[in-house]
$ cat data.cif   # mmCIF, C-alpha atoms
data_my_file
#
loop_
_atom_site.label_atom_id
_atom_site.label_comp_id
_atom_site.auth_asym_id
_atom_site.auth_seq_id
_atom_site.Cartn_x
_atom_site.Cartn_y
_atom_site.Cartn_z
CA MET U 94 330.02 -6.37 233.65
CA ALA U 95 329.04 -3.35 235.74
CA ARG U 96 326.39 -4.03 238.37
CA HIS U 97 323.06 -2.29 237.79
CA ASP U 98 322.39 0.41 240.40
CA PRO U 99 318.62 0.73 240.94
CA GLY U 100 319.11 3.90 242.98
CA ALA U 101 320.62 5.77 240.05
CA LEU U 102 318.52 7.95 237.78
CA GLN U 103 316.93 5.74 235.12
CA GLY U 104 316.05 6.71 231.55
CA PRO U 105 317.54 9.11 229.00
CA GLY U 106 315.57 12.19 230.07
CA ASP U 107 317.61 15.31 230.87
CA PRO U 108 317.27 16.19 234.60
CA ARG U 109 318.68 19.72 234.34
CA PRO U 110 316.63 22.85 235.16
CA ARG U 111 314.58 24.49 232.41
CA ARG U 112 314.35 28.23 231.74
CA ALA U 113 312.53 30.61 229.44
CA GLU U 114 313.19 34.30 228.93
CA GLY U 115 310.28 36.70 228.84
CA ARG U 116 308.20 39.27 230.64
CA GLY U 117 306.54 39.07 234.03
CA PRO U 118 304.79 37.76 235.90
CA ALA U 119 307.35 34.96 235.80
CA VAL U 120 306.28 31.32 236.07
CA LEU U 121 307.83 28.98 238.63
CA ALA U 122 307.33 25.29 237.68
CA LEU U 123 307.89 22.64 240.36
CA HIS U 124 308.36 18.92 239.70
CA GLY U 125 307.17 16.00 241.80
CA TYR U 126 308.73 13.68 244.38
CA GLY U 127 311.57 11.69 242.83
CA GLY U 128 311.15 13.60 239.58
CA THR U 129 313.12 16.22 237.66
CA PRO U 130 312.36 19.46 235.77
CA LEU U 131 311.65 17.30 232.70
CA GLU U 132 308.24 16.65 234.31
CA VAL U 133 307.30 20.33 234.08
CA GLU U 134 309.03 21.25 230.83
CA LEU U 135 305.54 21.58 229.34
CA VAL U 136 304.81 24.40 231.80
CA VAL U 137 307.99 26.25 230.82
CA ASP U 138 307.12 25.80 227.14
CA ALA U 139 303.61 27.15 227.76
CA ALA U 140 305.06 30.21 229.50
CA ARG U 141 307.44 30.77 226.60
CA ALA U 142 304.54 30.52 224.13
CA VAL U 143 302.73 33.44 225.81
CA GLY U 144 305.90 35.49 226.33
CA LEU U 145 306.46 34.90 230.05
CA ALA U 146 309.73 34.19 231.82
CA ALA U 147 309.84 30.79 233.52
CA HIS U 148 312.09 28.57 235.60
CA ALA U 149 311.81 24.90 236.56
CA PRO U 150 314.46 24.21 239.24
CA LEU U 151 315.85 20.85 240.31
CA LEU U 152 314.72 20.48 243.92
CA PRO U 153 317.16 19.41 246.69
CA GLY U 154 318.08 15.71 246.71
CA HIS U 155 316.67 15.10 243.26
CA GLY U 156 318.20 14.25 239.91
CA VAL U 157 321.29 12.23 240.89
CA HIS U 158 320.74 9.20 243.15
CA ALA U 159 317.97 7.95 245.43
CA SER U 160 320.40 7.88 248.36
CA GLU U 161 320.65 11.68 248.12
CA LEU U 162 316.87 12.00 247.92
CA SER U 163 316.48 9.82 251.04
CA ARG U 164 318.49 12.35 253.05
CA THR U 165 316.13 15.22 252.27
CA ARG U 166 312.70 16.08 253.62
CA TYR U 167 309.71 18.21 252.67
CA THR U 168 311.16 21.26 254.42
CA ASP U 169 314.26 20.95 252.21
CA TRP U 170 312.15 20.85 249.03
CA LEU U 171 310.07 23.80 250.22
CA ASP U 172 313.21 25.79 251.04
CA GLY U 173 314.57 24.98 247.57
CA ALA U 174 311.34 26.16 245.96
CA GLU U 175 311.45 29.35 248.03
CA ARG U 176 315.00 30.08 246.88
CA ALA U 177 314.00 29.50 243.27
CA LEU U 178 311.07 31.89 243.70
CA ASP U 179 313.33 34.63 245.08
CA GLU U 180 315.81 34.12 242.25
CA LEU U 181 313.15 34.14 239.54
CA ALA U 182 311.12 37.10 240.83
CA PRO U 183 313.29 39.17 243.20
CA GLY U 184 312.07 42.11 245.21
CA GLY U 185 308.53 40.83 245.68
CA ALA U 186 307.71 40.82 241.96
CA PRO U 187 304.47 39.03 240.99
CA VAL U 188 304.72 35.37 240.06
CA ILE U 189 302.63 32.43 238.86
CA ILE U 190 303.40 29.05 240.43
CA VAL U 191 302.54 25.71 238.82
CA GLY U 192 303.40 22.37 240.42
CA LEU U 193 303.01 18.71 239.54
CA SER U 194 302.12 16.13 242.21
CA MET U 195 304.30 16.94 245.25
CA GLY U 196 305.25 20.12 243.40
CA SER U 197 301.60 21.19 243.57
CA LEU U 198 301.80 21.04 247.37
CA LEU U 199 304.91 23.22 247.30
CA ALA U 200 303.17 25.62 244.90
CA ALA U 201 300.18 25.97 247.23
CA GLU U 202 302.45 26.40 250.27
CA LEU U 203 304.30 29.24 248.53
CA ALA U 204 301.00 30.82 247.53
CA LEU U 205 299.92 30.75 251.18
CA ARG U 206 303.19 32.36 252.23
CA HIS U 207 303.20 34.97 249.46
CA GLY U 208 299.56 35.64 248.73
CA ASP U 209 300.28 39.28 247.96
CA ARG U 210 302.48 38.40 244.97
CA VAL U 211 301.18 35.05 243.65
CA VAL U 212 298.76 35.99 240.86
CA GLY U 213 298.05 32.46 239.63
CA LEU U 214 298.31 28.88 240.91
CA GLY U 215 298.45 25.63 238.93
CA MET U 216 297.94 22.30 240.72
CA LEU U 217 298.56 19.40 238.32
CA ALA U 218 297.97 15.80 239.49
CA ASN U 219 297.86 17.25 242.99
CA ALA U 220 299.09 15.07 245.85
CA THR U 221 296.82 16.35 248.60
CA ARG U 222 295.77 12.70 248.99
CA LEU U 223 297.33 9.44 247.77
CA PHE U 224 295.43 6.33 246.73
CA GLU U 225 293.92 4.16 249.46
CA PRO U 226 294.84 1.61 250.65
CA TYR U 227 298.06 1.60 248.64
CA PRO U 228 300.17 3.60 249.03
CA ALA U 229 298.44 5.84 251.61
CA ALA U 230 297.45 3.27 254.28
CA LEU U 231 300.77 1.46 253.96
CA LEU U 232 302.73 4.70 254.38
CA ARG U 233 300.72 5.62 257.49
CA THR U 234 301.43 2.22 258.99
CA LEU U 235 305.15 2.43 258.28
CA ASP U 236 305.26 5.92 259.76
CA ARG U 237 303.41 4.81 262.88
CA VAL U 238 305.82 1.92 263.57
CA GLY U 239 308.88 4.02 262.73
CA LEU U 240 309.96 2.22 259.53
CA ARG U 241 310.97 5.07 257.26
CA ASP U 242 314.61 4.62 256.29
CA PHE U 243 314.42 2.22 253.36
CA SER U 244 313.48 2.21 249.68
CA ILE U 245 311.25 -0.02 247.58
CA PRO U 246 311.62 -0.92 243.88
CA LYS U 247 309.84 1.37 241.45
CA SER U 248 308.47 0.03 238.18
CA GLY U 249 308.79 3.33 236.34
CA ALA U 250 306.84 6.55 235.91
CA ASP U 251 303.03 6.47 235.88
CA ILE U 252 302.66 7.52 232.22
CA ALA U 253 300.29 5.86 229.74
CA ASP U 254 302.20 6.99 226.64
CA PRO U 255 304.87 4.28 226.08
CA ALA U 256 307.26 6.60 224.23
CA ALA U 257 307.11 9.28 226.92
CA ARG U 258 307.49 6.64 229.63
CA ALA U 259 310.60 5.23 227.94
CA SER U 260 312.15 8.69 227.65
CA HIS U 261 311.37 9.77 231.21
CA ALA U 262 313.92 10.26 234.00
CA THR U 263 313.19 8.68 237.37
CA PHE U 264 314.84 6.62 240.09
CA GLY U 265 314.62 2.83 240.07
CA VAL U 266 313.64 2.86 243.75
CA GLN U 267 311.40 5.03 245.91
CA PRO U 268 312.64 6.21 249.35
CA ILE U 269 309.80 5.58 251.78
CA GLY U 270 310.68 8.38 254.20
CA GLY U 271 310.13 11.03 251.56
CA ALA U 272 306.88 9.42 250.38
CA ILE U 273 305.61 9.65 253.98
CA GLU U 274 306.62 13.31 253.98
CA VAL U 275 304.50 13.92 250.88
CA LEU U 276 301.51 12.13 252.42
CA ARG U 277 301.72 14.18 255.62
CA ALA U 278 302.27 17.44 253.74
CA GLY U 279 299.08 16.90 251.76
CA GLU U 280 297.13 16.22 254.95
CA ARG U 281 298.44 19.42 256.55
CA LEU U 282 297.77 21.55 253.48
CA GLU U 283 294.18 20.65 252.70
CA PRO U 284 292.48 22.65 255.48
CA HIS U 285 294.32 25.81 254.40
CA LEU U 286 293.32 25.78 250.72
CA ARG U 287 290.29 27.99 251.40
CA SER U 288 292.72 30.83 252.21
CA LEU U 289 294.04 30.86 248.63
CA ARG U 290 292.29 33.58 246.63
CA CYS U 291 294.30 33.72 243.39
CA PRO U 292 292.99 32.27 240.10
CA ALA U 293 293.76 28.57 239.80
CA LEU U 294 294.04 25.80 237.23
CA VAL U 295 293.48 22.29 238.63
CA ALA U 296 294.25 19.44 236.21
CA HIS U 297 294.35 15.69 236.78
CA GLY U 298 294.63 12.48 234.81
CA ALA U 299 291.45 10.39 234.86
CA ARG U 300 293.57 7.22 235.03
CA ASP U 301 296.08 8.40 237.66
CA HIS U 302 297.38 5.47 239.75
CA VAL U 303 299.16 7.59 242.39
CA CYS U 304 296.73 10.36 243.36
CA PRO U 305 292.97 9.82 242.84
CA VAL U 306 291.25 12.03 240.28
CA ALA U 307 288.78 13.00 243.03
CA ASN U 308 291.59 15.21 244.35
CA ALA U 309 290.96 17.66 241.52
CA HIS U 310 287.30 18.25 242.33
CA ARG U 311 287.84 18.34 246.10
CA VAL U 312 290.70 20.84 245.81
CA ALA U 313 288.73 23.00 243.36
CA ARG U 314 285.83 23.17 245.84
CA ALA U 315 288.20 24.06 248.67
CA LEU U 316 290.07 26.86 246.92
CA GLY U 317 288.77 30.28 247.87
CA GLY U 318 289.33 32.21 244.65
CA SER U 319 286.64 33.43 242.26
CA TYR U 320 288.19 31.67 239.25
CA VAL U 321 289.08 27.96 239.43
CA ARG U 322 289.37 25.97 236.20
CA VAL U 323 289.14 22.15 236.53
CA LEU U 324 290.47 19.95 233.74
CA VAL U 325 290.25 16.15 233.80
CA LEU U 326 292.49 14.56 231.17
CA PRO U 327 290.68 11.41 230.03
CA ARG U 328 293.60 9.28 228.78
CA SER U 329 296.35 10.32 231.17
CA PHE U 330 297.96 8.64 234.16
CA HIS U 331 299.83 10.62 236.86
CA ILE U 332 302.53 12.54 234.96
CA VAL U 333 299.96 14.51 232.97
CA THR U 334 302.55 16.91 231.55
CA ARG U 335 304.13 14.09 229.53
CA ASP U 336 301.16 11.86 228.84
CA LEU U 337 298.66 11.28 226.04
CA ASP U 338 296.64 14.46 226.72
CA ARG U 339 299.67 16.75 226.97
CA GLU U 340 298.65 18.87 223.97
CA LEU U 341 295.26 19.55 225.55
CA LEU U 342 296.98 20.44 228.82
CA ALA U 343 299.48 22.68 227.00
CA GLY U 344 296.64 24.67 225.46
CA GLU U 345 294.89 25.04 228.81
CA LEU U 346 298.13 26.15 230.45
CA GLN U 347 298.72 28.78 227.78
CA THR U 348 295.17 30.09 228.18
CA PHE U 349 295.47 30.19 231.96
CA LEU U 350 298.88 31.91 231.93
CA ALA U 351 297.64 34.49 229.43
CA ARG U 352 294.53 35.12 231.53
CA VAL U 353 296.33 35.75 234.80
CA SER U 354 299.16 37.73 233.19
CA GLY U 355 296.91 40.00 231.15
CA GLY U 356 297.95 38.64 227.75
CA PRO U 357 295.80 37.51 224.80
CA GLN U 358 293.79 34.37 225.59
CA ARG U 359 292.85 31.27 223.65
CA PRO U 360 289.17 30.31 223.85
CA VAL U 361 288.39 27.69 226.51
CA GLU U 362 285.62 25.15 226.05
CA PRO U 363 283.08 25.20 228.91
#

$ encode --input "data.cif" --output "structure tokens"
Amino acid sequence: MARHDPGALQGPGDPRPRRAEGRGPAVLALHGYGGTPLEVELVVDAARAVGLAAHAPLLPGHGVHASELSRTRYTDWLDGAERALDELAPGGAPVIIVGLSMGSLLAAELALRHGDRVVGLGMLANATRLFEPYPAALLRTLDRVGLRDFSIPKSGADIADPAARASHATFGVQPIGGAIEVLRAGERLEPHLRSLRCPALVAHGARDHVCPVANAHRVARALGGSYVRVLVLPRSFHIVTRDLDRELLAGELQTFLARVSGGPQRPVEP
């Protein structure tokens, strides 16, 4: 009998990139740490529904084996997101960027770099801060004592919907070095959020076990734009794009994308 490899990608979910054809501004959708484009397929579908082009790339080190992920760092993921942006919207064309969890940090970083062309920003289950004391305090301690190069078992994706959880794609272990990178990236990013002036959608699961729901309100207050929509999804855990409130989130995404792209909008409840 073949030996189970916990570092391999677990679950039947398809880890390949997602694309949608359409008009501009194109939508770049960025998945989270240890995730795949399956996590942000909802964003691509929302873009398609309002006629926008979209791309959800597979970030470096992701989608194959945790050993590959452990050899990459935040700068690698940011470089991968930058390349995907240039491919999707070449020549400085306008773009909307939506990220989930760690992907939301990458989205905000790209918006800071390219403020002249980013016309909309989506931060879903944003990872500006992780839960205290676990995992945040533990990760800080491991970083301080230099213990980064190992992985810990992962019990599965933080999704309340049992069917979506069973069909998800994720690694059976979590490389600690990369998790520390995400923690530190969120700490570095937070003071710069006030420089972001584009319209923003900030959504978070009320029952998130990875990043506290308070992140949504704190980030919304910090963002410097004149339009910031906050959506708390009452039944959802961390992977809000695949959880119990995904239809509500899909509608909000479509409304937001239509608003910032100049298309027809769905009504939004106050």

$ atom_distance --input "data.cif" --atom1 "CA of Arg112 (chain U)" --atom2 "CA of Ala177 (chain U)"
11.6 Å

$ closest_residue --input "data.cif" --among "U:Ala119, U:Ala230, U:Val306, U:Ala256" --to "Arg141 (chain U)" --atoms "all atoms listed in the file"
U:Ala119

$ resolve_selection --input "data.cif" --expression "the PyMOL selection byres ((chain U and resi 320) around 9)" --output "list in words"
Arg290, Cys291, Pro292, Ala293, Leu294, Gly317, Gly318, Ser319, Val321 and Arg322 of chain U

$ closest_residue --input "data.cif" --among "U:Val266, U:Ala113, U:Leu193, U:Leu135" --to "Asp98 (chain U)" --atoms "all atoms listed in the file"
U:Val266

$ resolve_selection --input "data.cif" --expression "the PyMOL selection byres ((chain U and resi 137) around 12)" --output "JSON, numbers by chain"
{"U": [110, 111, 112, 113, 114, 115, 119, 120, 121, 122, 123, 124, 130, 131, 132, 133, 134, 135, 136, 138, 139, 140, 141, 142, 143, 144, 145, 146, 147, 148, 149, 150, 189, 190, 191, 192, 334, 343, 346, 347, 350]}

$ residues_around --input "data.cif" --residues "Tyr167 (chain U)" --least-positions-apart "2" --cutoff "9 Å" --atoms "all atoms listed in the file" --output "MDAnalysis selection string"
chainID U and resid 165 169:172 199 271 274:275 278

$ resolve_selection --input "data.cif" --expression "the PyMOL selection byres ((chain U and resi 104) around 7)" --output "ChimeraX atom specification"
/U:102-103,105-106,259-263

$ write_last_selection --input "data.cif" --atoms "C-alpha atoms" --output "PDB file, in the coordinates of the input"
ATOM      1  CA  LEU U 102     318.520   7.950 237.780  1.00  0.00           C
ATOM      2  CA  GLN U 103     316.930   5.740 235.120  1.00  0.00           C
ATOM      3  CA  PRO U 105     317.540   9.110 229.000  1.00  0.00           C
ATOM      4  CA  GLY U 106     315.570  12.190 230.070  1.00  0.00           C
ATOM      5  CA  ALA U 259     310.600   5.230 227.940  1.00  0.00           C
ATOM      6  CA  SER U 260     312.150   8.690 227.650  1.00  0.00           C
ATOM      7  CA  HIS U 261     311.370   9.770 231.210  1.00  0.00           C
ATOM      8  CA  ALA U 262     313.920  10.260 234.000  1.00  0.00           C
ATOM      9  CA  THR U 263     313.190   8.680 237.370  1.00  0.00           C
TER      10      THR U 263
END

$ residues_near_point --input "data.cif" --point "(298.7, 32.2, 254.5)" --cutoff "10 Å" --atoms "only C-alpha atoms" --output "VMD selection string"
chain U and resid 201 to 209 285 to 289

$ closest_residue --input "data.cif" --among "U:Glu340, U:Asp254, U:Asp107, U:Asp236" --to "Leu276 (chain U)" --atoms "only C-alpha atoms"
U:Asp236

$ closest_residue --input "data.cif" --among "U:Pro305, U:Gly100, U:Gly184, U:Gly117" --to "Ser160 (chain U)" --atoms "only C-alpha atoms"
U:Gly100

$ atom_distance --input "data.cif" --atom1 "CA of Val325 (chain U)" --atom2 "CA of Pro108 (chain U)"
27.0 Å

$ residues_around --input "data.cif" --residues "Leu162 (chain U)" --least-positions-apart "2" --cutoff "10 Å" --atoms "only C-alpha atoms" --output "list in words"
Gly100, Tyr126, Gly127, Leu152, Pro153, Gly154, His155, Gly156, Val157, His158, Ala159, Ser160, Arg164, Thr165, Arg166, Phe264, Gln267, Pro268, Gly270 and Gly271 of chain U

$ closest_residue --input "data.cif" --among "U:Glu161, U:Glu180, U:Glu225, U:Asp336" --to "Ile252 (chain U)" --atoms "all atoms listed in the file"
U:Asp336

$ closest_residue --input "data.cif" --among "U:Phe224, U:Ile245, U:Gly215, U:Pro255" --to "Glu345 (chain U)" --atoms "all atoms listed in the file"
U:Gly215

$ atom_distance --input "data.cif" --atom1 "CA of Ala220 (chain U)" --atom2 "CA of Ala257 (chain U)"
21.4 Å

$ residues_around --input "data.cif" --residues "Ser194 (chain U)" --least-positions-apart "5" --cutoff "7 Å" --atoms "only C-alpha atoms" --output "JSON, numbers by chain"
{"U": [125, 217, 218, 219, 220]}

$ axis_aligned_box --input "data.cif" --around "region 232-250 of chain U" --padding-each-side "3 Å" --output "lines of an AutoDock Vina configuration file"
center_x = 307.7
center_y = 2.8
center_z = 249.7
size_x = 19.9
size_y = 13.5
size_z = 33.7

$ decode --input "data.cif" --residues "region 124-160 of chain U" --atoms "C-alpha atoms" --output "PDB file, in the first residue's frame"
ATOM      1  CA  HIS U 124      -5.440  33.213  -3.559  1.00  0.00           C
ATOM      2  CA  GLY U 125      -4.161  32.733  -0.025  1.00  0.00           C
ATOM      3  CA  TYR U 126      -1.122  31.093   1.568  1.00  0.00           C
ATOM      4  CA  GLY U 127      -1.081  27.371   0.825  1.00  0.00           C
ATOM      5  CA  GLY U 128      -4.149  27.767  -1.382  1.00  0.00           C
ATOM      6  CA  THR U 129      -4.898  27.601  -5.098  1.00  0.00           C
ATOM      7  CA  PRO U 130      -6.950  29.619  -7.623  1.00  0.00           C
ATOM      8  CA  LEU U 131      -9.958  27.492  -6.616  1.00  0.00           C
ATOM      9  CA  GLU U 132     -10.197  29.797  -3.573  1.00  0.00           C
ATOM     10  CA  VAL U 133     -10.884  32.825  -5.775  1.00  0.00           C
ATOM     11  CA  GLU U 134     -12.898  31.181  -8.539  1.00  0.00           C
ATOM     12  CA  LEU U 135     -15.902  33.090  -7.176  1.00  0.00           C
ATOM     13  CA  VAL U 136     -14.127  36.362  -8.002  1.00  0.00           C
ATOM     14  CA  VAL U 137     -13.459  35.243 -11.581  1.00  0.00           C
ATOM     15  CA  ASP U 138     -17.094  34.163 -11.919  1.00  0.00           C
ATOM     16  CA  ALA U 139     -18.268  37.551 -10.602  1.00  0.00           C
ATOM     17  CA  ALA U 140     -16.072  39.331 -13.148  1.00  0.00           C
ATOM     18  CA  ARG U 141     -17.461  37.160 -15.927  1.00  0.00           C
ATOM     19  CA  ALA U 142     -21.022  37.947 -14.805  1.00  0.00           C
ATOM     20  CA  VAL U 143     -20.458  41.691 -15.317  1.00  0.00           C
ATOM     21  CA  GLY U 144     -18.484  41.251 -18.541  1.00  0.00           C
ATOM     22  CA  LEU U 145     -14.957  41.838 -17.243  1.00  0.00           C
ATOM     23  CA  ALA U 146     -11.816  39.906 -18.114  1.00  0.00           C
ATOM     24  CA  ALA U 147     -10.244  38.133 -15.129  1.00  0.00           C
ATOM     25  CA  HIS U 148      -7.312  35.933 -14.182  1.00  0.00           C
ATOM     26  CA  ALA U 149      -6.573  33.955 -11.017  1.00  0.00           C
ATOM     27  CA  PRO U 150      -2.940  32.765 -11.240  1.00  0.00           C
ATOM     28  CA  LEU U 151      -1.297  29.973  -9.264  1.00  0.00           C
ATOM     29  CA  LEU U 152       1.315  31.750  -7.142  1.00  0.00           C
ATOM     30  CA  PRO U 153       4.927  30.460  -6.921  1.00  0.00           C
ATOM     31  CA  GLY U 154       5.423  27.364  -4.764  1.00  0.00           C
ATOM     32  CA  HIS U 155       1.731  26.600  -4.586  1.00  0.00           C
ATOM     33  CA  GLY U 156      -0.449  23.836  -5.969  1.00  0.00           C
ATOM     34  CA  VAL U 157       1.928  20.846  -6.025  1.00  0.00           C
ATOM     35  CA  HIS U 158       3.662  19.949  -2.745  1.00  0.00           C
ATOM     36  CA  ALA U 159       4.326  21.679   0.571  1.00  0.00           C
ATOM     37  CA  SER U 160       8.065  21.142   0.108  1.00  0.00           C
TER      38      SER U 160
END
